[in-house]
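As stored in upload07.cif (mmCIF, C-alpha atoms and all ligand atoms):
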data_query
loop_
_atom_site.label_atom_id
_atom_site.label_comp_id
_atom_site.auth_asym_id
_atom_site.auth_seq_id
_atom_site.Cartn_x
_atom_site.Cartn_y
_atom_site.Cartn_z
CA MET A 732 -3.08 11.50 -7.09
CA ARG A 733 -0.34 13.21 -5.14
CA PHE A 734 1.85 11.74 -2.39
CA ASP A 735 4.08 13.71 -0.02
CA VAL A 736 6.38 11.17 1.62
CA VAL A 737 8.16 12.16 4.83
CA THR A 738 11.15 9.92 5.49
CA LEU A 739 14.71 9.84 6.76
CA PHE A 740 15.67 7.73 3.74
CA PRO A 741 14.29 9.34 0.57
CA ASP A 742 16.79 7.42 -1.56
CA MET A 743 14.98 4.19 -0.74
CA PHE A 744 12.15 5.39 -3.00
CA THR A 745 14.05 6.47 -6.08
CA GLY A 746 14.59 3.02 -7.60
CA TYR A 747 10.97 2.11 -7.06
CA LEU A 748 9.65 5.40 -8.46
CA GLY A 749 11.85 5.17 -11.55
CA GLN A 750 10.52 1.82 -12.74
CA SER A 751 7.71 0.40 -14.78
CA LEU A 752 4.11 1.33 -14.17
CA LEU A 753 4.84 4.02 -11.60
CA HIS A 754 7.46 5.70 -13.73
CA LYS A 755 4.97 5.86 -16.59
CA ALA A 756 2.18 7.19 -14.36
CA ILE A 757 4.47 9.94 -13.08
CA GLU A 758 5.56 10.86 -16.61
CA GLN A 759 1.93 11.05 -17.72
CA GLY A 760 1.15 13.35 -14.79
CA LEU A 761 -1.36 10.89 -13.30
CA VAL A 762 0.70 10.46 -10.14
CA GLU A 763 2.99 12.88 -8.35
CA VAL A 764 5.39 11.90 -5.57
CA GLU A 765 7.27 14.48 -3.52
CA LEU A 766 9.95 13.17 -1.15
CA HIS A 767 10.69 15.16 2.01
CA ASN A 768 13.80 14.40 4.01
CA LEU A 769 12.78 14.75 7.64
CA ARG A 770 16.33 15.74 8.54
CA ASP A 771 15.87 19.01 6.62
CA TRP A 772 13.33 20.13 9.25
CA SER A 773 15.64 19.52 12.20
CA LYS A 774 16.53 22.73 13.99
CA ASP A 775 19.57 21.67 15.97
CA LYS A 776 23.04 21.99 14.56
CA HIS A 777 23.65 18.27 14.23
CA HIS A 778 20.36 17.77 12.35
CA ASN A 779 19.18 15.29 14.95
CA VAL A 780 15.70 13.93 14.41
CA ASP A 781 15.62 11.43 17.27
CA ASP A 782 16.46 11.21 20.95
CA ARG A 783 16.58 8.69 23.80
CA PRO A 784 13.22 7.66 25.28
CA PHE A 785 12.11 9.20 28.58
CA GLY A 786 11.82 6.41 31.13
CA GLY A 787 14.70 4.53 29.56
CA GLY A 788 14.82 1.57 27.26
CA PRO A 789 16.59 0.67 24.07
CA GLY A 790 16.62 2.58 20.82
CA MET A 791 15.70 6.08 19.84
CA VAL A 792 12.40 7.93 19.40
CA LEU A 793 11.55 10.32 16.57
CA LYS A 794 11.20 13.83 17.99
CA VAL A 795 7.81 15.52 17.98
CA ASP A 796 8.82 19.04 16.87
CA THR A 797 10.58 18.07 13.63
CA ILE A 798 7.71 15.96 12.36
CA VAL A 799 4.91 18.31 13.38
CA GLU A 800 6.61 21.29 11.73
CA CYS A 801 7.39 19.33 8.57
CA VAL A 802 3.79 18.10 8.22
CA GLU A 803 2.33 21.54 8.99
CA GLU A 804 4.41 23.04 6.23
CA ILE A 805 3.21 20.43 3.71
CA GLN A 806 -0.38 20.94 4.90
CA SER A 807 -0.12 24.70 4.47
CA GLN A 808 0.03 24.40 0.69
CA PRO A 809 -3.14 25.90 -0.74
CA ASP A 810 -4.56 22.83 -2.53
CA GLU A 811 -6.96 20.26 -1.17
CA LYS A 812 -6.17 19.29 2.43
CA PRO A 813 -4.21 16.05 2.26
CA HIS A 814 -5.15 12.90 4.14
CA LEU A 815 -2.40 12.19 6.67
CA VAL A 816 -1.25 8.57 6.95
CA MET A 817 1.32 7.26 9.43
CA LEU A 818 2.92 3.91 8.58
CA THR A 819 3.25 2.06 11.88
CA PRO A 820 2.81 -1.50 13.16
CA GLN A 821 0.33 0.04 15.64
CA GLY A 822 -2.05 0.99 12.84
CA ARG A 823 -5.17 -0.62 11.43
CA ARG A 824 -4.31 -3.39 9.01
CA LEU A 825 -4.15 -2.55 5.32
CA ASP A 826 -6.40 -4.56 3.04
CA GLN A 827 -8.10 -3.86 -0.28
CA ARG A 828 -11.07 -2.25 1.45
CA VAL A 829 -8.74 0.25 3.16
CA VAL A 830 -6.91 0.80 -0.15
CA GLU A 831 -10.23 1.68 -1.81
CA GLU A 832 -11.11 4.03 1.03
CA LEU A 833 -7.74 5.82 0.85
CA ALA A 834 -7.96 6.02 -2.95
CA GLU A 835 -10.80 8.50 -2.52
CA SER A 836 -8.28 11.13 -1.41
CA SER A 837 -6.40 12.79 -4.22
CA ARG A 838 -3.63 13.94 -1.84
CA LEU A 839 -1.92 11.88 0.84
CA ILE A 840 0.95 12.58 3.20
CA LEU A 841 2.80 9.39 4.19
CA LEU A 842 4.82 9.50 7.41
CA CYS A 843 7.49 6.79 7.60
CA GLY A 844 8.73 5.87 11.07
CA ARG A 845 12.10 4.46 12.08
CA TYR A 846 13.81 3.30 15.27
CA GLU A 847 11.49 2.69 18.23
CA GLY A 848 8.82 4.84 16.65
CA PHE A 849 7.32 8.30 16.98
CA ASP A 850 6.92 10.41 20.10
CA GLN A 851 3.26 9.81 21.06
CA ARG A 852 2.56 13.54 20.77
CA VAL A 853 3.00 13.33 16.99
CA VAL A 854 -0.16 11.21 16.99
CA ASP A 855 -1.92 13.36 19.62
CA ILE A 856 -1.28 16.57 17.69
CA LEU A 857 -1.60 15.49 14.06
CA ASP A 858 -4.22 12.73 14.48
CA PRO A 859 -2.96 10.67 11.52
CA ASP A 860 -4.67 7.63 10.01
CA GLU A 861 -2.31 4.95 11.39
CA ILE A 862 -1.79 2.07 8.95
CA SER A 863 0.11 -1.22 9.29
CA ILE A 864 0.73 -3.53 6.34
CA GLY A 865 0.56 -6.72 8.41
CA ASP A 866 1.45 -8.50 11.60
CA PHE A 867 5.21 -8.53 11.29
CA VAL A 868 7.93 -6.04 12.09
CA LEU A 869 9.77 -4.02 9.46
CA ASN A 870 12.84 -1.89 10.04
CA GLY A 871 10.88 1.21 9.12
CA GLY A 872 7.82 2.55 7.38
CA GLU A 873 9.46 3.14 3.99
CA VAL A 874 8.79 -0.26 2.45
CA ALA A 875 5.26 -0.14 3.88
CA ALA A 876 4.75 3.28 2.26
CA MET A 877 5.87 1.85 -1.09
CA VAL A 878 3.40 -1.01 -0.66
CA LEU A 879 0.64 1.52 -0.05
CA VAL A 880 1.63 3.71 -3.03
CA ASP A 881 1.79 0.61 -5.23
CA ALA A 882 -1.70 -0.49 -4.23
CA LEU A 883 -3.13 3.03 -4.57
CA VAL A 884 -1.78 4.00 -7.98
CA ARG A 885 -3.55 0.96 -9.46
CA MET A 886 -6.81 2.67 -8.54
CA VAL A 887 -5.98 5.86 -10.46
CA PRO A 888 -7.89 5.88 -13.77
CA GLY A 889 -5.52 5.51 -16.71
CA VAL A 890 -2.60 4.02 -14.78
CA LEU A 891 -3.19 0.37 -15.62
CA GLY A 892 -4.07 0.95 -19.25
CA HIS A 893 -6.56 -1.92 -19.10
CA GLU A 894 -9.07 -0.94 -16.44
CA GLN A 895 -10.74 -4.35 -16.47
CA SER A 896 -7.70 -5.86 -14.85
CA ASN A 897 -8.01 -4.22 -11.45
CA GLN A 898 -11.71 -5.15 -11.34
CA ASP A 899 -10.80 -8.78 -11.98
CA ASP A 900 -8.07 -8.92 -9.38
CA SER A 901 -8.47 -10.92 -6.23
CA PHE A 902 -9.89 -8.74 -3.46
CA SER A 903 -11.20 -5.92 -5.63
CA ARG A 904 -14.60 -4.51 -4.67
CA GLY A 905 -17.09 -7.30 -4.01
CA ASN A 906 -14.70 -9.95 -5.29
CA ARG A 907 -13.17 -11.92 -2.46
CA LEU A 908 -11.88 -14.88 -4.47
CA LEU A 909 -8.31 -15.74 -5.31
CA GLU A 910 -7.36 -15.63 -8.97
CA PHE A 911 -7.56 -18.63 -11.28
CA ALA A 912 -4.42 -20.17 -12.80
CA GLN A 913 -3.11 -18.48 -15.95
CA TYR A 914 -1.08 -20.00 -18.78
CA THR A 915 0.72 -18.80 -21.89
CA ARG A 916 2.87 -20.46 -24.56
CA PRO A 917 4.30 -23.05 -24.88
CA ARG A 918 1.36 -25.46 -24.66
CA ASP A 919 3.61 -28.17 -23.33
CA TYR A 920 6.68 -27.58 -21.16
CA ARG A 921 8.52 -30.68 -19.95
CA GLY A 922 5.25 -32.60 -20.09
CA HIS A 923 3.34 -29.96 -18.10
CA ARG A 924 0.45 -29.24 -20.44
CA VAL A 925 -1.91 -26.29 -20.54
CA PRO A 926 -5.45 -27.52 -19.63
CA ASP A 927 -7.32 -28.44 -22.85
CA ILE A 928 -10.30 -26.29 -21.97
CA LEU A 929 -8.24 -23.11 -22.35
CA LEU A 930 -7.40 -24.09 -25.92
CA SER A 931 -11.01 -24.97 -26.80
CA GLY A 932 -12.12 -21.49 -27.87
CA ASP A 933 -15.38 -22.00 -25.94
CA HIS A 934 -15.46 -18.77 -23.96
CA GLU A 935 -18.49 -19.68 -21.90
CA ARG A 936 -16.96 -22.92 -20.68
CA ILE A 937 -13.63 -21.21 -20.08
CA ALA A 938 -15.29 -18.58 -17.89
CA GLU A 939 -17.07 -21.35 -15.97
CA TRP A 940 -13.82 -23.29 -15.49
CA ARG A 941 -12.01 -20.20 -14.24
CA LYS A 942 -14.78 -19.38 -11.78
CA GLN A 943 -14.59 -22.95 -10.47
CA GLN A 944 -10.78 -22.72 -10.19
CA SER A 945 -11.06 -19.50 -8.21
CA LEU A 946 -13.56 -21.03 -5.83
CA GLU A 947 -11.55 -24.21 -5.29
CA ARG A 948 -8.33 -22.29 -4.68
CA THR A 949 -10.01 -19.95 -2.26
CA GLN A 950 -11.61 -22.85 -0.37
CA LYS A 951 -8.30 -24.66 -0.15
CA ARG A 952 -5.99 -21.75 0.67
CA ARG A 953 -8.05 -18.94 2.14
CA ALA A 954 -11.34 -20.30 3.43
CA ASP A 955 -11.48 -17.24 5.71
CA LEU A 956 -12.29 -15.12 2.63
CA LEU A 957 -15.41 -17.16 1.87
CA ASP A 958 -16.67 -17.23 5.41
CA PRO A 959 -15.57 -14.01 7.10
CA PRO A 960 -16.34 -13.87 10.83
CA PRO A 961 -19.28 -11.60 11.76
CA HIS A 962 -18.27 -7.99 12.50
CA SER A 963 -14.97 -8.52 10.74
CA GLN A 964 -12.86 -5.63 9.50
CA ASP A 965 -15.46 -4.88 6.82
CA GLU A 966 -17.71 -3.21 9.37
CA SER A 967 -15.10 -1.61 11.58
CA LYS A 968 -13.88 1.83 10.79
CA THR A 969 -11.46 3.44 13.13
CA ASP A 970 -11.69 7.08 12.18
CL1 LIG A 1001 3.79 0.35 8.53
N1 LIG A 1001 6.02 -0.20 9.85
C1 LIG A 1001 6.85 -1.04 10.47
N2 LIG A 1001 7.96 -0.57 11.00
N3 LIG A 1001 6.61 -2.34 10.59
C2 LIG A 1001 5.48 -2.79 10.04
C3 LIG A 1001 4.57 -1.98 9.38
C4 LIG A 1001 4.86 -0.66 9.30
N4 LIG A 1001 3.55 -2.73 8.95
C5 LIG A 1001 3.84 -3.96 9.34
N5 LIG A 1001 5.00 -4.01 10.00
#
Please express the file's structure as structure tokens.
Ligand code: 6GU
Amino acid sequence: MRFDVVTLFPDMFTGYLGQSLLHKAIEQGLVEVELHNLRDWSKDKHHNVDDRPFGGGPGMVLKVDTIVECVEEIQSQPDEKPHLVMLTPQGRRLDQRVVEELAESSRLILLCGRYEGFDQRVVDILDPDEISIGDFVLNGGEVAAMVLVDALVRMVPGVLGHEQSNQDDSFSRGNRLLEFAQYTRPRDYRGHRVPDILLSGDHERIAEWRKQQSLERTQKRRADLLDPPPHSQDESKTD
């Protein structure tokens, strides 16, 4: 899976890309991430990428020409046509279903916004898949893009090393339950003991107990997952 990330702050990604699971996936050639500094596509002598909004108002708007030309250049590479994603609070909300849908593309371009957002003509011309990671406001799309990359690389075969684990996770395909409680050694910490059943060696009863735990947790914390409203996000598709 290949990502082309368009951002004004490529350095925000380097720590994240250099660590742990993602670092390994990149080394193994399972994942490729190319960072593009939007400022490099600016044509004016001060390398400006933003300007004041027509009609007035606070903040700055990302200019249409820089972004369109940057994306067109990335799209002109001869491989498979990438799926273009724009990270914006105006987008459809990311959930595991959307992650699974996006994971079907082997190439994605991720556009990270800043300031008051993009000139509307970026959307009109490039028709990106606009994605938001939730109903709150971030300072820019970079952290949201990292969230998306993190969720997507888990879907790439070979990245996790133990494929069972992403099937078991809360929210994976068909599974809408929260995870059961996990324990490891010691068996007793300050009087907080590991439930006896987990030490019993009876795998059938353990599986039953875990299932029950998942259900109870979900009922208590996220009843909406058990009883989704009709015509919820699962049916809606915006593109
Ligand atoms: Cl993708 N961008 C920004 N700036 N804020 C957000 C977001 C994205 N998703 C939720 N809030």
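Every residue having at least one atom no farther than 8 Å from ligand LIG 1001 (chain A) is included below, with only C-alpha atoms and all ligand atoms taken into account: Met817, Leu818, Thr819, Pro820, Gln821, Gly822, Arg824, Cys843, Gly844, Arg845, Gly848, Ile862, Ser863, Ile864, Gly865, Asp866, Phe867, Val868, Leu869, Asn870, Gly871, Gly872, Glu873, Val874, Ala875 and Ala876 of chain A.
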Do you know which residues are at most 12 Å from A:Pro859 counting only C-alpha atoms, after dropping those on the same chain fewer than 2 positions away, and could you put them as a PyMOL selection string? chain A and resi 798-799+802+813-819+821-823+839-843+849+851-857+861-862+969-970
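Between atom CA of A:Thr738 and atom CA of A:Leu769 the separation is 5.5 Å.
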Residue neighbourhood stretch 786-791 of chain A, 6 Å, only C-alpha atoms, exclusion window fewer than 5 positions, as a PyMOL selection string: chain A and resi 781+846-847
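Excluding A:Val890 itself and same-chain residues fewer than 5 positions from it, the residues having an atom within 9 Å of it are A:Leu752, A:Leu753, A:Lys755, A:Ala756, A:Gln759, A:Leu761, A:Val762, A:Val884, A:Arg885, counting all atoms listed in the file.
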